[in-house]
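What follows is one structure encoded as structure tokens, with my remarks underneath.
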Amino acid sequence: MKRMIVKTLLGGAFAATAAISAALAADKVVYQLDWLPGGDKAPIYVCIQTGFCAEEGLEVTIEGGRGSSEAITKLATGVSDIGSAGIGALMSAKAGEGVPVTAVMSLFNKGPHAFYALVGSGVEKIEDVKGRSVATSPFTESNIYLPLVLQDMSMAETDITLTKADPGALGPMLMTGATDVIIAWLTDVSRYTGQAKEAGKELVIFPWSAAGLELYSASLVASDKFLKERPDVARRFIEAYKKSIAFAYENPKEAAEAVAAAVPELSVENVEGSLKDAMVLVFNEVTEKDGLGAFEPERLKATWERVSKAQGLDPTALDPESIVDRSFAAGS
């Protein structure tokens with residue numbers, strides 16, 4: 001089914017000719033990253049480097065980002081037109097400030113949050129984190145959802161010893177036994193697996209979705225001004241972006257090369273590993289059920305219920321349907 005989805009998307013990918021592309025005046029679009037370049041950001045680099053964006057008559061530039069909140073602010077203030085951000089951050093910003101930003105397509109239909117431990121450590125199932133030392137990054141979104149995950153397992157934060165450490169220190173801390181468990185994203189499986197292999201160890205990974213944390217995560221979000229004033233450009237961009245996702249899934253090495261060509265300090269090998277990790281959050285049983293990029297109403301509602309509870313927000317402060325517009329991705 002996954003391959004059918006991909007092949008359908010790729011079916012018309014190369015139909016546009018260079019002559020047609022050249023005949024159209026390129027529309028400029030500023031794409032907003034929510035974090036540093038890497039494998040999980042590959043589709044936008046594929047879109048630019050392989051010509052999918054150009055085939056839709058688009059000239060796309062990339063604006064750097066340092067978190068979903070910053071990305072949403074840049075979109076809301078008109079610095080950028082469209083980009084990626086966590087839908088939880090958008091929900092919070094909509095509920096609190098009514099920011100003029102709308103989600104147009106789901107990217108990660110599962111949360112990327114997970115516990116990592118070492119094989120042989122005694123942590124054999126997710127509930128085994130009870131009584132263990134757990135290390136996390138100070139600023140990761142995972143920290144917001146940690147109390148809910150523990151609650152789902154009939155635990156409290158007092159049942160673990162939580163330490164906050166620099167993100168670069170998490171892997172070494174786990175490998176050396178300085179902590180029993182780390183909190184990290186599923187987009188980093190390849191990186192931590194490599195560190196474990198170098199240390200002669202093996203990882204065991206527990207996605208938080210296994211504990212019941214089912215929600216949407218990274219999404220394609222856009223400035224309301226962009227959607228209102230240039231709706232055709234938005235639709236063409238999303239068409240190109242969907243093709244780019246499909247290409248990256250089918251051709252991870254070529255996609256990684258596209259990222260490395262634009263960001264030379266990144267290695268193709270590392271980008272490819274991160275990309276493959278990220279694609280598990282894009283193409284999975286949820287995608288097979290609902291389709292690529294879909295916002296299924298009940299899952300969207302459940303996501304807001306989790307976000308509002310995790311952040312202590314009034315659950316009636318937002319109708320989750322008010323933050324999405326499915327029409328721009330429809331039929332593309």
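Ligands are numbered from 1 in the order shown, chains are lettered A, B, ... in the order of the structure tokens, and residues start at 1 in each chain.
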
Using only C-alpha atoms, what does the table of range 96-173 of chain A residues within 8 Å of range 58-79 of chain A look like, with each row giving the shortest atom pair and its distance in Å to one decimal, sorted by chain and ascending number, as a Markdown table?
| residue | atom | partner | partner_atom | distance |
| --- | --- | --- | --- | --- |
| A:Val99 | CA | A:Ala76 | CA | 6.1 |
| A:Pro100 | CA | A:Ala76 | CA | 5.4 |
| A:Val101 | CA | A:Ala76 | CA | 5.8 |

> Taking the backbone alone, and naming residues the way the document does, which bits of range 92-140 of chain A are strand (DSSP E) by DSSP, as an MDAnalysis selection string?
Replying inline: chainID A and resid 101:106 113:118 133:136

> What is the CA of Ala302 in chain A-CA of Leu215 in chain A distance in Å, reported with one decimal?
Replying inline: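 Interatomic distance here is 6.8 Å.
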
Selection near Pro167 in chain A, 10 Å with only C-alpha atoms, sequence-local residues under 5 positions removed, as a PDB file with C-alpha atoms, in the first residue's frame:
ATOM      1  CA  ALA A 135      18.406  11.934  30.720  1.00  0.00           C
ATOM      2  CA  THR A 136      16.795  14.420  28.352  1.00  0.00           C
ATOM      3  CA  SER A 137      17.636  17.605  26.479  1.00  0.00           C
ATOM      4  CA  PRO A 138      16.449  20.804  28.233  1.00  0.00           C
ATOM      5  CA  PHE A 139      14.464  22.139  25.289  1.00  0.00           C
ATOM      6  CA  THR A 140      13.021  19.098  23.543  1.00  0.00           C
ATOM      7  CA  ILE A 183      14.736  10.581  25.782  1.00  0.00           C
ATOM      8  CA  ALA A 184      15.328  11.148  22.071  1.00  0.00           C
TER       9      ALA A 184
END

> From the set A:Thr303, A:Ser209, A:Thr287, A:Ser190, which residue has the shortest atom-to-atom contact distance to Leu275 in chain A, counting only C-alpha atoms?
Replying inline: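 Checking each candidate against Leu275 in chain A, we get A:Ser190 as the closest.
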
> Which residues come within 10 Å of Glu127 in chain A, counting only C-alpha atoms, excluding same-chain residues fewer than 3 positions away, as an MDAnalysis selection string?
Replying inline: chainID A and resid 123:124 130:131 150 152:155 206 211

Would you export the selected residues with N, CA and C atoms as a PDB file, in the first residue's frame, please?
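Saved file again26.pdb follows:
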ATOM      1  N   VAL A 123      16.019  -2.896  31.069  1.00  0.00           N
ATOM      2  CA  VAL A 123      14.881  -2.153  30.522  1.00  0.00           C
ATOM      3  C   VAL A 123      14.426  -2.912  29.279  1.00  0.00           C
ATOM      4  N   GLU A 124      13.461  -3.787  29.477  1.00  0.00           N
ATOM      5  CA  GLU A 124      13.031  -4.680  28.406  1.00  0.00           C
ATOM      6  C   GLU A 124      11.662  -4.312  27.844  1.00  0.00           C
ATOM      7  N   LYS A 130      10.549   2.749  35.140  1.00  0.00           N
ATOM      8  CA  LYS A 130      10.253   3.076  36.544  1.00  0.00           C
ATOM      9  C   LYS A 130      11.466   2.780  37.416  1.00  0.00           C
ATOM     10  N   GLY A 131      11.833   3.765  38.231  1.00  0.00           N
ATOM     11  CA  GLY A 131      12.969   3.603  39.128  1.00  0.00           C
ATOM     12  C   GLY A 131      14.310   3.834  38.473  1.00  0.00           C
ATOM     13  N   LEU A 150       4.106   9.016  31.281  1.00  0.00           N
ATOM     14  CA  LEU A 150       4.254   8.342  32.573  1.00  0.00           C
ATOM     15  C   LEU A 150       2.890   8.050  33.185  1.00  0.00           C
ATOM     16  N   ASP A 152       0.143   7.523  31.585  1.00  0.00           N
ATOM     17  CA  ASP A 152      -0.454   6.410  30.837  1.00  0.00           C
ATOM     18  C   ASP A 152       0.051   5.063  31.339  1.00  0.00           C
ATOM     19  N   MET A 153       1.253   5.081  31.946  1.00  0.00           N
ATOM     20  CA  MET A 153       1.839   3.848  32.475  1.00  0.00           C
ATOM     21  C   MET A 153       1.641   3.746  33.983  1.00  0.00           C
ATOM     22  N   SER A 154       0.688   4.556  34.508  1.00  0.00           N
ATOM     23  CA  SER A 154       0.381   4.578  35.954  1.00  0.00           C
ATOM     24  C   SER A 154       1.608   4.952  36.775  1.00  0.00           C
ATOM     25  N   MET A 155       2.372   5.924  36.254  1.00  0.00           N
ATOM     26  CA  MET A 155       3.574   6.398  36.922  1.00  0.00           C
ATOM     27  C   MET A 155       3.527   7.918  37.033  1.00  0.00           C
ATOM     28  N   PHE A 206      11.859   2.434  22.654  1.00  0.00           N
ATOM     29  CA  PHE A 206      10.446   2.347  22.989  1.00  0.00           C
ATOM     30  C   PHE A 206       9.734   3.630  22.558  1.00  0.00           C
ATOM     31  N   ALA A 211       2.913   3.591  24.328  1.00  0.00           N
ATOM     32  CA  ALA A 211       2.284   3.819  25.627  1.00  0.00           C
ATOM     33  C   ALA A 211       0.971   4.579  25.477  1.00  0.00           C
TER      34      ALA A 211
END

> Between CA of Thr50 in chain A and CA of Val268 in chain A, what is the spacing in Å?
Replying inline: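 Separating CA of Val268 in chain A from CA of Thr50 in chain A is a distance of 15.9 Å.
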
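Going from CA of Tyr31 in chain A to CA of Ser84 in chain A covers 8.2 Å.
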
>> Please list as a count of residues only every residue within 9 Å of Val134 in chain A, counting only C-alpha atoms and excluding residues in the same chain fewer than 4 positions away.
In response: 12

> Which of range 65-200 of chain A counts as alpha helix (DSSP H) under DSSP, as number ranges by chain please?
Replying inline: A: 68-76, 87-97, 142-152, 167-176, 189-198

Print the selection's residues with N, CA and C atoms to a file, as a short mmCIF file (atom, residue, chain, number, x, y, z; two decimals), in the first residue's frame.
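Writing done, so here's again-v4.cif:
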data_model
loop_
_atom_site.label_atom_id
_atom_site.label_comp_id
_atom_site.auth_asym_id
_atom_site.auth_seq_id
_atom_site.Cartn_x
_atom_site.Cartn_y
_atom_site.Cartn_z
N SER A 68 9.89 25.20 16.67
CA SER A 68 8.58 25.41 16.07
C SER A 68 8.01 26.79 16.41
N SER A 69 8.23 27.24 17.64
CA SER A 69 7.68 28.53 18.04
C SER A 69 8.26 29.66 17.20
N GLU A 70 9.58 29.61 16.96
CA GLU A 70 10.20 30.62 16.11
C GLU A 70 9.68 30.52 14.69
N ALA A 71 9.54 29.30 14.19
CA ALA A 71 9.04 29.11 12.82
C ALA A 71 7.64 29.70 12.67
N ILE A 72 6.78 29.47 13.64
CA ILE A 72 5.41 29.98 13.58
C ILE A 72 5.41 31.51 13.64
N THR A 73 6.29 32.08 14.45
CA THR A 73 6.39 33.54 14.53
C THR A 73 6.81 34.13 13.20
N LYS A 74 7.79 33.51 12.54
CA LYS A 74 8.26 34.02 11.24
C LYS A 74 7.17 33.92 10.19
N LEU A 75 6.37 32.87 10.25
CA LEU A 75 5.25 32.74 9.31
C LEU A 75 4.17 33.78 9.62
N ALA A 76 3.90 33.97 10.89
CA ALA A 76 2.85 34.90 11.30
C ALA A 76 3.19 36.34 10.96
N ILE A 87 2.64 20.59 15.21
CA ILE A 87 1.25 21.03 15.28
C ILE A 87 0.84 21.36 16.72
N GLY A 88 1.52 20.76 17.69
CA GLY A 88 1.25 21.11 19.08
C GLY A 88 1.59 22.56 19.37
N ALA A 89 2.71 23.01 18.82
CA ALA A 89 3.12 24.41 19.00
C ALA A 89 2.14 25.34 18.31
N LEU A 90 1.64 24.93 17.14
CA LEU A 90 0.65 25.75 16.44
C LEU A 90 -0.65 25.82 17.23
N MET A 91 -1.08 24.68 17.78
CA MET A 91 -2.31 24.68 18.58
C MET A 91 -2.19 25.62 19.77
N SER A 92 -1.05 25.57 20.45
CA SER A 92 -0.84 26.43 21.61
C SER A 92 -0.85 27.90 21.21
N ALA A 93 -0.18 28.21 20.09
CA ALA A 93 -0.12 29.60 19.63
C ALA A 93 -1.48 30.09 19.17
N LYS A 94 -2.26 29.23 18.56
CA LYS A 94 -3.60 29.60 18.12
C LYS A 94 -4.51 29.84 19.33
N ALA A 95 -4.42 28.95 20.31
CA ALA A 95 -5.26 29.07 21.49
C ALA A 95 -4.92 30.32 22.30
N GLY A 96 -3.62 30.63 22.36
CA GLY A 96 -3.19 31.74 23.19
C GLY A 96 -3.18 33.09 22.51
N GLU A 97 -2.78 33.11 21.22
CA GLU A 97 -2.58 34.38 20.54
C GLU A 97 -3.36 34.51 19.23
N SER A 142 9.66 16.77 23.74
CA SER A 142 9.31 15.53 24.44
C SER A 142 9.04 15.79 25.91
N ASN A 143 9.73 16.76 26.50
CA ASN A 143 9.55 17.04 27.93
C ASN A 143 8.12 17.45 28.26
N ILE A 144 7.45 18.08 27.30
CA ILE A 144 6.06 18.50 27.51
C ILE A 144 5.15 17.30 27.69
N TYR A 145 5.43 16.25 26.90
CA TYR A 145 4.55 15.07 26.91
C TYR A 145 4.98 14.00 27.91
N LEU A 146 6.16 14.13 28.49
CA LEU A 146 6.65 13.11 29.42
C LEU A 146 5.68 12.82 30.56
N PRO A 147 5.13 13.83 31.23
CA PRO A 147 4.18 13.51 32.32
C PRO A 147 2.98 12.69 31.85
N LEU A 148 2.50 12.97 30.62
CA LEU A 148 1.35 12.21 30.12
C LEU A 148 1.72 10.76 29.85
N VAL A 149 2.90 10.54 29.28
CA VAL A 149 3.34 9.18 28.99
C VAL A 149 3.50 8.39 30.29
N LEU A 150 4.11 9.02 31.28
CA LEU A 150 4.25 8.34 32.57
C LEU A 150 2.89 8.05 33.19
N GLN A 151 1.98 9.00 33.07
CA GLN A 151 0.63 8.80 33.60
C GLN A 151 -0.07 7.64 32.91
N ASP A 152 0.14 7.52 31.58
CA ASP A 152 -0.45 6.41 30.84
C ASP A 152 0.05 5.06 31.34
N PRO A 167 22.16 18.08 24.40
CA PRO A 167 21.77 17.02 23.47
C PRO A 167 22.93 16.15 23.01
N GLY A 168 24.10 16.76 22.81
CA GLY A 168 25.26 15.99 22.35
C GLY A 168 25.81 15.04 23.39
N ALA A 169 25.42 15.23 24.65
CA ALA A 169 25.93 14.38 25.72
C ALA A 169 25.06 13.16 25.97
N LEU A 170 23.84 13.16 25.42
CA LEU A 170 22.90 12.07 25.74
C LEU A 170 23.43 10.71 25.32
N GLY A 171 23.93 10.60 24.08
CA GLY A 171 24.45 9.33 23.61
C GLY A 171 25.60 8.81 24.47
N PRO A 172 26.64 9.61 24.68
CA PRO A 172 27.74 9.16 25.54
C PRO A 172 27.30 8.79 26.95
N MET A 173 26.34 9.54 27.50
CA MET A 173 25.84 9.21 28.84
C MET A 173 25.22 7.82 28.87
N LEU A 174 24.46 7.49 27.83
CA LEU A 174 23.82 6.18 27.77
C LEU A 174 24.86 5.08 27.59
N MET A 175 25.82 5.30 26.70
CA MET A 175 26.80 4.26 26.39
C MET A 175 27.73 3.98 27.57
N THR A 176 28.00 5.00 28.39
CA THR A 176 28.93 4.83 29.51
C THR A 176 28.24 4.45 30.80
N VAL A 189 17.47 7.57 15.36
CA VAL A 189 17.79 6.17 15.58
C VAL A 189 19.14 5.79 14.98
N SER A 190 19.40 6.18 13.75
CA SER A 190 20.65 5.81 13.08
C SER A 190 21.86 6.37 13.81
N ARG A 191 21.75 7.62 14.27
CA ARG A 191 22.89 8.25 14.95
C ARG A 191 23.21 7.52 16.25
N TYR A 192 22.19 7.27 17.06
CA TYR A 192 22.45 6.59 18.33
C TYR A 192 22.82 5.13 18.15
N THR A 193 22.27 4.50 17.12
CA THR A 193 22.65 3.11 16.82
C THR A 193 24.13 3.04 16.47
N GLY A 194 24.60 4.04 15.70
CA GLY A 194 26.02 4.09 15.35
C GLY A 194 26.91 4.28 16.57
N GLN A 195 26.48 5.13 17.49
CA GLN A 195 27.25 5.34 18.72
C GLN A 195 27.29 4.06 19.55
N ALA A 196 26.17 3.36 19.60
CA ALA A 196 26.12 2.11 20.36
C ALA A 196 27.04 1.06 19.75
N LYS A 197 27.02 0.98 18.43
CA LYS A 197 27.86 0.00 17.74
C LYS A 197 29.34 0.27 18.02
N GLU A 198 29.72 1.54 18.00
CA GLU A 198 31.11 1.90 18.29
C GLU A 198 31.51 1.50 19.71
#

>> Ranking A:Pro37, A:Glu239, A:Gly111, A:Val271 by minimum distance to Cys53 in chain A and counting only C-alpha atoms, which one comes first?
In response: A:Glu239

Near Ala222 in chain A, within 8 Å and counting only C-alpha atoms, which residues show up once chain neighbours fewer than 3 positions away are dropped, as a PDB file with C-alpha atoms, in the first residue's frame?
ATOM      1  CA  LEU A  75       5.253  32.745   9.313  1.00  0.00           C
ATOM      2  CA  ASP A  81       5.329  31.821   3.467  1.00  0.00           C
ATOM      3  CA  ILE A  82       5.127  28.135   4.319  1.00  0.00           C
ATOM      4  CA  GLY A  83       7.195  25.660   6.283  1.00  0.00           C
ATOM      5  CA  VAL A 101      -0.951  30.546  10.593  1.00  0.00           C
ATOM      6  CA  THR A 102      -2.759  27.412   9.374  1.00  0.00           C
ATOM      7  CA  ALA A 103      -1.767  23.755   9.024  1.00  0.00           C
ATOM      8  CA  VAL A 104      -2.265  22.518   5.463  1.00  0.00           C
ATOM      9  CA  PHE A 226       0.108  33.560   1.791  1.00  0.00           C
ATOM     10  CA  LEU A 227      -2.900  31.230   1.583  1.00  0.00           C
TER      11      LEU A 227
END
